[in-house]
file input.tsv (TSV, C-alpha atoms)
chain	number	residue	atom	x	y	z
A	360	MET	CA	7.40	8.31	-3.00
A	361	HIS	CA	6.28	6.67	-6.22
A	362	VAL	CA	9.47	7.49	-8.12
A	363	PRO	CA	12.21	4.92	-7.55
A	364	PRO	CA	15.65	6.08	-6.39
A	365	LEU	CA	17.89	7.43	-9.14
A	366	GLY	CA	20.18	4.72	-10.51
A	367	SER	CA	18.11	1.80	-9.18
A	368	ARG	CA	16.55	-0.96	-11.30
A	369	GLY	CA	13.20	0.54	-10.38
A	370	PHE	CA	14.28	3.88	-11.82
A	371	GLU	CA	15.28	2.12	-15.05
A	372	ARG	CA	11.74	0.68	-15.21
A	373	PHE	CA	10.33	4.16	-14.50
A	374	VAL	CA	12.23	5.62	-17.46
A	375	ASP	CA	11.37	2.63	-19.66
A	376	ALA	CA	7.67	2.96	-18.82
A	377	HIS	CA	7.67	6.63	-19.82
A	378	LEU	CA	9.52	5.90	-23.05
A	379	ARG	CA	7.04	3.13	-23.89
A	380	GLU	CA	4.12	5.43	-23.14
A	381	SER	CA	5.60	8.13	-25.40
A	382	ARG	CA	5.33	5.54	-28.20
A	383	GLY	CA	1.67	4.93	-27.41
A	384	GLU	CA	2.04	1.80	-25.25
A	385	ARG	CA	0.09	1.52	-22.04
A	386	VAL	CA	2.06	0.58	-18.94
A	387	PRO	CA	0.50	0.02	-15.49
A	388	GLU	CA	3.15	2.17	-13.81
A	389	ILE	CA	1.56	2.43	-10.37
A	390	VAL	CA	-0.63	-0.33	-8.96
A	391	ASN	CA	-2.69	-0.23	-5.76
A	392	ILE	CA	-3.45	-3.57	-4.12
A	393	SER	CA	-6.16	-3.71	-1.48
A	394	LEU	CA	-5.03	-6.59	0.72
A	395	THR	CA	-8.05	-6.72	3.04
A	396	PRO	CA	-11.24	-4.79	3.76
A	397	TRP	CA	-10.75	-5.46	7.49
A	398	CYS	CA	-10.19	-2.31	9.51
A	399	GLU	CA	-11.25	-1.05	12.90
A	400	GLU	CA	-11.48	2.55	11.70
A	401	ASN	CA	-14.68	4.10	10.37
A	402	CYS	CA	-13.28	6.53	7.80
A	403	TRP	CA	-15.88	8.54	5.93
A	404	HIS	CA	-13.99	8.19	2.65
A	405	CYS	CA	-13.38	4.41	2.78
A	406	LEU	CA	-14.31	2.39	-0.29
A	407	TYR	CA	-15.49	-0.44	1.95
A	408	SER	CA	-18.87	-0.36	3.68
A	409	THR	CA	-19.07	-0.58	7.47
A	410	SER	CA	-20.07	-4.26	7.27
A	411	GLU	CA	-17.24	-5.07	4.82
A	412	ARG	CA	-14.66	-3.50	7.16
A	413	LYS	CA	-15.65	-6.02	9.83
A	414	LYS	CA	-14.81	-9.00	7.60
A	415	ARG	CA	-11.55	-10.70	8.37
A	416	ASP	CA	-11.16	-11.44	4.71
A	417	TYR	CA	-7.86	-11.30	2.85
A	418	LEU	CA	-6.66	-11.29	-0.71
A	419	SER	CA	-5.01	-14.68	-1.17
A	420	ARG	CA	-1.25	-15.05	-1.55
A	421	LYS	CA	-1.90	-16.95	-4.79
A	422	ALA	CA	-3.78	-13.97	-6.25
A	423	ILE	CA	-1.14	-11.54	-4.98
A	424	SER	CA	1.74	-13.63	-6.35
A	425	SER	CA	0.02	-13.86	-9.72
A	426	ALA	CA	-0.46	-10.08	-9.77
A	427	ILE	CA	3.19	-9.49	-8.82
A	428	LYS	CA	4.34	-11.76	-11.64
A	429	ASP	CA	2.15	-9.83	-14.08
A	430	MET	CA	3.46	-6.50	-12.78
A	431	LYS	CA	7.04	-7.69	-13.28
A	432	ASP	CA	6.22	-8.67	-16.87
A	433	LEU	CA	4.27	-5.48	-17.68
A	434	GLY	CA	6.79	-2.95	-16.39
A	435	THR	CA	5.12	-1.72	-13.19
A	436	TYR	CA	7.60	0.01	-10.91
A	437	SER	CA	5.48	1.36	-8.02
A	438	VAL	CA	3.03	-0.45	-5.77
A	439	LEU	CA	0.83	0.86	-2.97
A	440	LEU	CA	-0.47	-1.76	-0.52
A	441	THR	CA	-3.78	-0.62	0.93
A	442	GLY	CA	-6.84	-1.96	2.70
A	443	GLY	CA	-8.81	-1.53	5.02
A	444	ALA	CA	-5.79	-1.87	7.24
A	445	PRO	CA	-3.12	-3.73	5.23
A	446	LEU	CA	-1.04	-4.44	8.32
A	447	LEU	CA	-3.82	-6.83	9.39
A	448	HIS	CA	-3.04	-9.16	6.46
A	449	PRO	CA	-1.49	-12.24	8.10
A	450	ASP	CA	1.36	-12.42	5.56
A	451	ILE	CA	2.13	-8.73	5.02
A	452	MET	CA	5.89	-9.24	5.43
A	453	GLY	CA	5.96	-12.13	2.95
A	454	ILE	CA	3.99	-10.08	0.43
A	455	ILE	CA	6.47	-7.21	0.65
A	456	GLU	CA	9.40	-9.62	0.38
A	457	GLU	CA	7.98	-10.99	-2.88
A	458	PHE	CA	8.69	-7.70	-4.64
A	459	ASP	CA	12.25	-7.12	-5.80
A	460	GLU	CA	14.52	-4.18	-6.55
A	461	ARG	CA	12.48	-3.28	-9.63
A	462	PHE	CA	9.74	-1.90	-7.38
A	463	VAL	CA	9.04	0.91	-4.99
A	464	VAL	CA	6.63	-0.61	-2.46
A	465	ASN	CA	4.66	1.71	-0.19
A	466	LEU	CA	1.95	1.05	2.36
A	467	ALA	CA	-1.15	3.15	3.16
A	468	THR	CA	-2.33	2.68	6.73
A	469	PRO	CA	-4.46	4.44	9.31
A	470	GLY	CA	-1.43	4.01	11.58
A	471	ARG	CA	-3.16	2.12	14.38
A	472	TYR	CA	-1.05	-1.04	14.00
A	473	LEU	CA	2.25	0.60	13.09
A	474	THR	CA	4.79	0.38	15.90
A	475	PRO	CA	8.54	1.02	15.77
A	476	GLN	CA	9.08	-2.75	15.86
A	477	ILE	CA	6.67	-3.36	12.96
A	478	ALA	CA	8.24	-0.45	11.03
A	479	GLY	CA	11.66	-2.10	11.38
A	480	LYS	CA	10.31	-5.41	10.10
A	481	LEU	CA	8.58	-3.67	7.18
A	482	LYS	CA	11.82	-1.95	6.20
A	483	LYS	CA	13.77	-5.21	6.46
A	484	ALA	CA	11.13	-6.90	4.24
A	485	GLY	CA	11.76	-4.23	1.59
A	486	LEU	CA	9.09	-1.57	2.15
A	487	THR	CA	10.07	1.80	0.70
A	488	GLY	CA	7.66	4.09	2.53
A	489	VAL	CA	4.46	4.50	4.52
A	490	PHE	CA	1.46	6.79	3.98
A	491	ILE	CA	-0.35	7.36	7.28
A	492	GLY	CA	-3.92	8.61	7.09
A	493	LEU	CA	-4.58	11.88	8.85
A	494	ASP	CA	-7.60	13.98	7.84
A	495	SER	CA	-7.16	16.99	10.10
A	496	SER	CA	-4.56	18.63	12.31
A	497	ASP	CA	-7.37	18.99	14.86
A	498	LYS	CA	-7.55	15.83	16.98
A	499	ARG	CA	-11.31	16.03	17.59
A	500	ARG	CA	-12.11	16.65	13.95
A	501	ASN	CA	-9.77	13.89	12.74
A	502	ASP	CA	-11.28	11.39	15.16
A	503	GLY	CA	-14.72	12.44	13.94
A	504	TYR	CA	-13.71	11.64	10.35
A	505	ARG	CA	-12.16	8.29	11.29
A	506	SER	CA	-12.72	6.94	14.82
A	507	ALA	CA	-11.84	7.68	18.42
A	508	GLY	CA	-8.09	7.45	18.94
A	509	SER	CA	-7.22	7.60	15.24
A	510	TYR	CA	-5.39	10.92	15.57
A	511	ASP	CA	-3.11	9.63	18.34
A	512	ALA	CA	-2.52	6.39	16.42
A	513	ALA	CA	-1.52	8.31	13.28
A	514	ILE	CA	0.75	10.68	15.18
call {"tool": "encode", "arguments": {"input": "input.tsv", "output": "structure tokens"}}
result
Amino acid sequence: MHVPPLGSRGFERFVDAHLRESRGERVPEIVNISLTPWCEENCWHCLYSTSERKKRDYLSRKAISSAIKDMKDLGTYSVLLTGGAPLLHPDIMGIIEEFDERFVVNLATPGRYLTPQIAGKLKKAGLTGVFIGLDSSDKRRNDGYRSAGSYDAAI
């Protein structure tokens, strides 16, 4: 999901990045952006502490726009929007729309806030794909790793 579709502008950037790297240049090919620590899950592997996950704090659009501009200039072609729960960012659609055809934009989510309606809006905004967190095929074990109801939300 990080490789842009063959023949797209993103794929051209993918090839260009690899050519530049073969000449010793460093290119930030894939960038992860953590939009917010806020999340109602309690995943054992989360980079945010339990208290940080309760903060309704967001990366500002100004900071995100600046990063997107830099990524355009530096040759990045793949972006993963993460969190916490990135769907809780109040301007998630606008953030996705700010990327253009040079990028593959994916989203990593626990799945709790992803509905068919939201998925349609994400696609319309330009999202390429979604990674949904699931830590076990066993419902009880998965919920133990994350939180009650997380298995059903992911499925």
call {"tool": "closest_residue", "arguments": {"input": "input.tsv", "among": "A:Glu457, A:Asp494, A:Glu411, A:Glu371", "to": "Met430 in chain A", "atoms": "only C-alpha atoms"}}
result
A:Glu457
call {"tool": "closest_residue", "arguments": {"input": "input.tsv", "among": "A:Val390, A:Ala426, A:Leu473, A:Val489", "to": "Asp511 in chain A", "atoms": "all atoms listed in the file"}}
result
A:Leu473
call {"tool": "residues_near_point", "arguments": {"input": "input.tsv", "point": "(7.9, 3.8, -16.3)", "cutoff": "10 Å", "atoms": "all atoms listed in the file", "output": "JSON list (two decimals) with C-alpha atoms, keeping the file's coordinate frame"}}
result
[["chain", "number", "residue", "atom", "x", "y", "z"],
["A", 362, "VAL", "CA", 9.47, 7.49, -8.12],
["A", 363, "PRO", "CA", 12.21, 4.92, -7.55],
["A", 369, "GLY", "CA", 13.20, 0.54, -10.38],
["A", 370, "PHE", "CA", 14.28, 3.88, -11.82],
["A", 371, "GLU", "CA", 15.28, 2.12, -15.05],
["A", 372, "ARG", "CA", 11.74, 0.68, -15.21],
["A", 373, "PHE", "CA", 10.33, 4.16, -14.50],
["A", 374, "VAL", "CA", 12.23, 5.62, -17.46],
["A", 375, "ASP", "CA", 11.37, 2.63, -19.66],
["A", 376, "ALA", "CA", 7.67, 2.96, -18.82],
["A", 377, "HIS", "CA", 7.67, 6.63, -19.82],
["A", 378, "LEU", "CA", 9.52, 5.90, -23.05],
["A", 379, "ARG", "CA", 7.04, 3.13, -23.89],
["A", 380, "GLU", "CA", 4.12, 5.43, -23.14],
["A", 385, "ARG", "CA", 0.09, 1.52, -22.04],
["A", 386, "VAL", "CA", 2.06, 0.58, -18.94],
["A", 387, "PRO", "CA", 0.50, 0.02, -15.49],
["A", 388, "GLU", "CA", 3.15, 2.17, -13.81],
["A", 389, "ILE", "CA", 1.56, 2.43, -10.37],
["A", 434, "GLY", "CA", 6.79, -2.95, -16.39],
["A", 435, "THR", "CA", 5.12, -1.72, -13.19],
["A", 436, "TYR", "CA", 7.60, 0.01, -10.91],
["A", 437, "SER", "CA", 5.48, 1.36, -8.02]]
call {"tool": "residues_near_point", "arguments": {"input": "input.tsv", "point": "(-0.4, 9.1, 6.8)", "cutoff": "12 Å", "atoms": "all atoms listed in the file", "output": "ChimeraX atom specification"}}
result
/A:441,465-471,473,488-496,509-514
call {"tool": "atom_distance", "arguments": {"input": "input.tsv", "atom1": "CA of Ser506 in chain A", "atom2": "CA of Glu399 in chain A"}}
result
8.3 Å
call {"tool": "atom_distance", "arguments": {"input": "input.tsv", "atom1": "CA of Gly443 in chain A", "atom2": "CA of Arg412 in chain A"}}
result
6.5 Å
call {"tool": "residues_around", "arguments": {"input": "input.tsv", "residues": "Leu481 in chain A", "least_positions_apart": "5", "cutoff": "12 Å", "atoms": "all atoms listed in the file", "output": "list of chain:residue names"}}
result
A:Pro445, A:Leu446, A:Asp450, A:Ile451, A:Met452, A:Gly453, A:Ile454, A:Ile455, A:Glu456, A:Val464, A:Asn465, A:Leu466, A:Leu473, A:Thr474, A:Pro475, A:Gln476, A:Leu486, A:Thr487, A:Gly488, A:Val489
call {"tool": "closest_residue", "arguments": {"input": "input.tsv", "among": "A:Pro449, A:Gly508, A:Gly442, A:Gly479", "to": "Cys405 in chain A", "atoms": "all atoms listed in the file"}}
result
A:Gly442
call {"tool": "atom_distance", "arguments": {"input": "input.tsv", "atom1": "CA of Leu394 in chain A", "atom2": "CA of Leu418 in chain A"}}
result
5.2 Å
call {"tool": "closest_residue", "arguments": {"input": "input.tsv", "among": "A:Ala444, A:Val463, A:Ser367, A:Ile477", "to": "Asn401 in chain A", "atoms": "all atoms listed in the file"}}
result
A:Ala444
call {"tool": "closest_residue", "arguments": {"input": "input.tsv", "among": "A:Tyr417, A:Arg500, A:Ala484, A:His361", "to": "Phe462 in chain A", "atoms": "all atoms listed in the file"}}
result
A:His361
call {"tool": "axis_aligned_box", "arguments": {"input": "input.tsv", "around": "range 467-485 of chain A", "padding_each_side": "8 Å", "output": "lines of an AutoDock Vina configuration file"}}
result
center_x = 4.7
center_y = -1.2
center_z = 8.7
size_x = 34.2
size_y = 27.3
size_z = 30.3
call {"tool": "closest_residue", "arguments": {"input": "input.tsv", "among": "A:His448, A:Cys402, A:Ser408, A:Phe458", "to": "Asp429 in chain A", "atoms": "all atoms listed in the file"}}
result
A:Phe458
call {"tool": "residues_around", "arguments": {"input": "input.tsv", "residues": "Lys413 in chain A", "least_positions_apart": "4", "cutoff": "8 Å", "atoms": "all atoms listed in the file", "output": "list in words"}}
result
Pro396, Trp397, Cys398, Glu399 and Thr409 of chain A
